[in-house]
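S.K.: Just dropping this structure here.
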Amino acid sequence: MKKAALCLVCLCFTMLAVPLIGSAFETYKCNDQEVTVWGFLRNNLGVFERTQEFTNSGNQLATARTWFRTYVDWKISEQFKFYTAVQFIYEPWYKVEEGNPQSENGGPQQHRKAGWKTYSEFDDINDVLREVYFEWKPNKKNTLKIGRQIAIWGEALTDRIGDVIHPNDSRFSFAFANLEDTRIPQYMIRGFHDIDALSSSFEWIINPLILEGQYNVNRTGQYANQEADGGAEQRFAIHPEDRFYPGRTMAPGIPLSSMPGRFGFSDLGSLASWPIASSFYEYIPFGGFWIPSELPYVHTTYPDGLRDTRFGARTSTLLGGYQFGFSYWHTQAYDPVVSRGGIVAYAGTTPYREYEVSYPTMDIIGFYMNKQLPWPGVIRAEAVYSPNKPYNTFNIIDPRMSLAIPFTNPFTFSNESAIVRRDWVKYMIAYDLNSFFYFDWHKTAPFDITLEHVGEWVPNSSDLQNVIYSTKVANYSAGFNLRLSTNWFYNRLSTEVVFGYNTYGNSGLVMPAVKWMPGWQNQKFSAELKYIGLYGDNDYEGLGMFRKKDMIILTTQFNF
């Protein structure tokens, strides 16, 4: 016990001394115990290519985000290990969001007193404690990990297919230096078992939802509805506003085209309940007649506790040169759906309809495969299928219902909640060609190539709407990605460019980057300059939702 306490004291001292030490840490040994500490200090400084339409100022600053992260690996014995990753993140108050009352930005002191959450992630344990778990390895074939972890079940250039364990932190996805930082870590029990007789391994995960609600599901950009109140939006919010059709119930004699039937969400899903501060137009049956509704009231229900525990398993097998496996994951929809509730009326007030933002459960079945080809290159494939993915639907009114005046019978809906379950398929096929293309004018390093094709299919999507947009869900969309990369001067300078295109919205991106790692400090320091260009045909489909948010980002990082 004293030996463990001594190692813990050394560990704490090391973590406090990290910012002051410029050389690499060596492994601390204390009898049979070992403590290894490493980490980084990173800063992202980015500017929008053009002045943003939503801002009330001419400031084009996109990001000035600073990470300080420390990893600690404490080998207590041959059977037990403790691992943690602690981080502190700071961002300033952005003038580009001045006038946005729904921004997570803390801003002036009066905003913080009002309870607005800041971007600076140093005051909430869910942000500071990125990973912390104990590992028990009773023998070489079995391992158990308990605690907050990150489990990666797949990889892709610009998207995720089989990597379904973690919800996504999309608030800063374009400004993050890598995809790992967009995963929201989860508390879980995770087991690994080698089955030598089958050349296989088996992994299982139980993920009780003991995080706060907003950390259980996607954390998205929040912003004020420009149509409703003219306020400034958030830097990375979709463009230009959230829209949701509540199911247009038309009064007899009024053309459907004259019924806007939509309202804008301010801060969708971020508050326990929030009255919509936007123009809203829906006729509802009341007292035998159709009358205009008052502003609706929206409640948010987050998955929580043991009742909504996520769980699943994944296999990995090596056979005939193929590495392949199957997976199953029971989870919730990480993007919310909006369900219609009942009509509420109080004495002396105009009735209104209640709505609920929720995250229904769903099941995801997956398959993946990697294979070194007889010729140069590796082929990768991933596919997932959900038989019960929840969607919002436009088709709410029962077509058998006759719209008679006056309203005399209970109004019937084909699906009053506006939520339906449909099949969903997403897949990826990729080809990696590394260490093959050498040229006489550049003999020190190869040109590596990755080609990806990503497809998404919803077989019966004719009546489905994207949850917060007024567009229909695409029946099928195809994406194509290409990455070219190489390094120069013996890896002191590396370059890459990623091209992406998706048929949904005729949208895509281009991301060229150059990274410099000087020889001093044993390449502990790096500086990467990246351009992110986004395009699309409209503001509501594919990456077109982010168009006009092109930016240039300089990422500097010091590893210790």
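Each chain in the structure tokens gets a letter, A, B, ..., in the order shown, and its residues are numbered from 1; ligands are numbered from 1 in order too.
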When you look at Glu203 (chain A) with a cut-off of 10 Å (counting only C-alpha atoms), what residues show up, excluding the ones that are within fewer than 2 positions of it in the same chain? I need them as a list in words.
M.R.: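 Skipping anything fewer than 2 positions along the chain leaves Asn142, Thr143, Leu144, Arg190, Gly191, Phe192, His193, Asp194, Ser201, Ile205, Gly312, Ala313, Arg314, Thr315, Ser316 and Ser327 of chain A.
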S.K.: Write out as a list in words which residues come within 8 Å of region 497-504 of chain A when counting only C-alpha atoms, dropping same-chain ones fewer than 4 positions away.
M.R.: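 Listed by chain and then number, they are Thr158, Ala474, Ser477, Ala478, Gly479, Phe480, Asn481, Leu482, Arg483, Leu484, Ser485, Gly508, Leu509, Val510, Met511, Pro512, Ala513, Glu541 and Gly542 of chain A.
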S.K.: Under the rule that only C-alpha atoms are counted, which of A:Tyr427, A:Phe394, A:Phe80, A:Phe560 is the nearest residue to Asn139 (chain A)?
M.R.: A:Phe80
S.K.: What is the distance between CA of Val338 (chain A) and CA of Tyr187 (chain A), in Å to one decimal?
M.R.: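 Separation of CA of Val338 (chain A) and CA of Tyr187 (chain A): 27.1 Å.
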S.K.: Which polymer residues have any atom within 10 Å of an atom of Val337 (chain A), counting only C-alpha atoms, with same-chain residues fewer than 3 positions away left out, as a PDB file with N, CA, C and O atoms, in the first residue's frame?
M.R.:
ATOM      1  N   GLY A 269     -32.960  20.934 -28.509  1.00  0.00           N
ATOM      2  CA  GLY A 269     -32.549  19.827 -27.661  1.00  0.00           C
ATOM      3  C   GLY A 269     -31.592  20.177 -26.547  1.00  0.00           C
ATOM      4  O   GLY A 269     -31.090  19.306 -25.867  1.00  0.00           O
ATOM      5  N   ALA A 333     -30.757   6.707 -31.041  1.00  0.00           N
ATOM      6  CA  ALA A 333     -30.443   7.590 -32.161  1.00  0.00           C
ATOM      7  C   ALA A 333     -29.665   8.776 -31.600  1.00  0.00           C
ATOM      8  O   ALA A 333     -30.133   9.458 -30.690  1.00  0.00           O
ATOM      9  N   TYR A 334     -28.466   9.009 -32.103  1.00  0.00           N
ATOM     10  CA  TYR A 334     -27.646  10.096 -31.578  1.00  0.00           C
ATOM     11  C   TYR A 334     -28.114  11.459 -32.092  1.00  0.00           C
ATOM     12  O   TYR A 334     -27.797  12.491 -31.503  1.00  0.00           O
ATOM     13  N   GLU A 356     -41.976  16.890 -28.287  1.00  0.00           N
ATOM     14  CA  GLU A 356     -40.893  16.338 -27.481  1.00  0.00           C
ATOM     15  C   GLU A 356     -39.705  16.009 -28.374  1.00  0.00           C
ATOM     16  O   GLU A 356     -39.845  15.302 -29.388  1.00  0.00           O
ATOM     17  N   VAL A 357     -38.539  16.530 -28.007  1.00  0.00           N
ATOM     18  CA  VAL A 357     -37.291  16.159 -28.656  1.00  0.00           C
ATOM     19  C   VAL A 357     -36.734  14.952 -27.913  1.00  0.00           C
ATOM     20  O   VAL A 357     -36.497  15.020 -26.704  1.00  0.00           O
ATOM     21  N   SER A 358     -36.551  13.832 -28.619  1.00  0.00           N
ATOM     22  CA  SER A 358     -36.142  12.605 -27.936  1.00  0.00           C
ATOM     23  C   SER A 358     -35.131  11.834 -28.773  1.00  0.00           C
ATOM     24  O   SER A 358     -34.875  12.157 -29.937  1.00  0.00           O
ATOM     25  N   TYR A 359     -34.592  10.795 -28.154  1.00  0.00           N
ATOM     26  CA  TYR A 359     -33.545   9.974 -28.767  1.00  0.00           C
ATOM     27  C   TYR A 359     -33.957   8.499 -28.643  1.00  0.00           C
ATOM     28  O   TYR A 359     -33.483   7.785 -27.766  1.00  0.00           O
ATOM     29  N   PRO A 360     -34.840   8.013 -29.517  1.00  0.00           N
ATOM     30  CA  PRO A 360     -35.358   6.641 -29.383  1.00  0.00           C
ATOM     31  C   PRO A 360     -34.269   5.593 -29.571  1.00  0.00           C
ATOM     32  O   PRO A 360     -33.231   5.833 -30.199  1.00  0.00           O
ATOM     33  N   PRO A 390     -35.192   5.328 -36.123  1.00  0.00           N
ATOM     34  CA  PRO A 390     -36.326   6.266 -36.046  1.00  0.00           C
ATOM     35  C   PRO A 390     -36.145   7.470 -36.968  1.00  0.00           C
ATOM     36  O   PRO A 390     -35.045   8.000 -37.121  1.00  0.00           O
ATOM     37  N   TYR A 391     -37.235   7.878 -37.581  1.00  0.00           N
ATOM     38  CA  TYR A 391     -37.253   9.055 -38.455  1.00  0.00           C
ATOM     39  C   TYR A 391     -38.502   9.870 -38.164  1.00  0.00           C
ATOM     40  O   TYR A 391     -39.513   9.350 -37.676  1.00  0.00           O
ATOM     41  N   ASN A 392     -38.454  11.134 -38.508  1.00  0.00           N
ATOM     42  CA  ASN A 392     -39.663  11.945 -38.559  1.00  0.00           C
ATOM     43  C   ASN A 392     -40.311  11.777 -39.927  1.00  0.00           C
ATOM     44  O   ASN A 392     -39.637  11.545 -40.929  1.00  0.00           O
ATOM     45  N   THR A 393     -41.619  11.881 -39.942  1.00  0.00           N
ATOM     46  CA  THR A 393     -42.350  11.691 -41.186  1.00  0.00           C
ATOM     47  C   THR A 393     -43.231  12.899 -41.492  1.00  0.00           C
ATOM     48  O   THR A 393     -43.775  13.532 -40.585  1.00  0.00           O
ATOM     49  N   ALA A 418     -45.540  11.444 -35.331  1.00  0.00           N
ATOM     50  CA  ALA A 418     -44.667  11.868 -36.436  1.00  0.00           C
ATOM     51  C   ALA A 418     -43.344  11.129 -36.440  1.00  0.00           C
ATOM     52  O   ALA A 418     -42.395  11.551 -37.080  1.00  0.00           O
ATOM     53  N   ILE A 419     -43.257   9.986 -35.715  1.00  0.00           N
ATOM     54  CA  ILE A 419     -42.053   9.158 -35.717  1.00  0.00           C
ATOM     55  C   ILE A 419     -42.387   7.800 -36.310  1.00  0.00           C
ATOM     56  O   ILE A 419     -43.385   7.185 -35.940  1.00  0.00           O
ATOM     57  N   VAL A 420     -41.545   7.356 -37.235  1.00  0.00           N
ATOM     58  CA  VAL A 420     -41.702   6.027 -37.821  1.00  0.00           C
ATOM     59  C   VAL A 420     -40.361   5.308 -37.766  1.00  0.00           C
ATOM     60  O   VAL A 420     -39.310   5.922 -37.583  1.00  0.00           O
ATOM     61  N   ASN A 466     -35.644  15.018 -42.912  1.00  0.00           N
ATOM     62  CA  ASN A 466     -34.495  15.220 -42.038  1.00  0.00           C
ATOM     63  C   ASN A 466     -34.981  15.962 -40.804  1.00  0.00           C
ATOM     64  O   ASN A 466     -35.756  16.912 -40.899  1.00  0.00           O
ATOM     65  N   VAL A 467     -34.476  15.560 -39.659  1.00  0.00           N
ATOM     66  CA  VAL A 467     -35.112  15.920 -38.399  1.00  0.00           C
ATOM     67  C   VAL A 467     -35.268  17.417 -38.201  1.00  0.00           C
ATOM     68  O   VAL A 467     -36.292  17.878 -37.713  1.00  0.00           O
ATOM     69  N   ILE A 468     -34.273  18.215 -38.553  1.00  0.00           N
ATOM     70  CA  ILE A 468     -34.380  19.649 -38.283  1.00  0.00           C
ATOM     71  C   ILE A 468     -34.326  20.471 -39.562  1.00  0.00           C
ATOM     72  O   ILE A 468     -34.112  21.670 -39.523  1.00  0.00           O
TER      73      ILE A 468
END
S.K.: Restricting the calculation to only C-alpha atoms, which member of A:Trp67, A:Tyr215, A:Phe88, A:Phe82 is positioned closest to Trp136 (chain A)?
M.R.: A:Phe82
S.K.: Quick one: distance from CA of Val217 (chain A) to CA of Pro167 (chain A) in Å, one decimal?
M.R.: 5.3 Å
S.K.: Write out as JSON, numbers by chain which residues come within 9 Å of region 169-186 of chain A when counting only C-alpha atoms, dropping same-chain ones fewer than 2 positions away.
M.R.: {"A": [44, 45, 46, 62, 63, 65, 126, 130, 131, 147, 148, 149, 150, 151, 152, 157, 158, 165, 166, 167, 188, 207, 208, 209, 210, 211, 215, 216, 217, 218, 219, 220, 221, 222, 235, 236, 237, 532, 551, 553, 555]}
S.K.: Among region 130-185 of chain A, which ones does DSSP assign to strand (DSSP E or B) (computed from the backbone)? Answer as an MDAnalysis selection string.
M.R.: chainID A and resid 130:139 142:149 168:169 183
S.K.: Could you please determine the separation between CA of Glu91 (chain A) and CA of Ser120 (chain A) in Å, to one decimal place?
M.R.: 5.1 Å
S.K.: When DSSP is applied to the backbone of this structure, which of region 355-535 of chain A are assigned helix (DSSP H, G or I)? Write them out as a list of chain:residue names.
M.R.: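 Residues meeting the helix (DSSP H, G or I) criterion: A:Tyr504, A:Gly505, A:Asn506, A:Trp520, A:Gln521, A:Asn522, A:Gln523.
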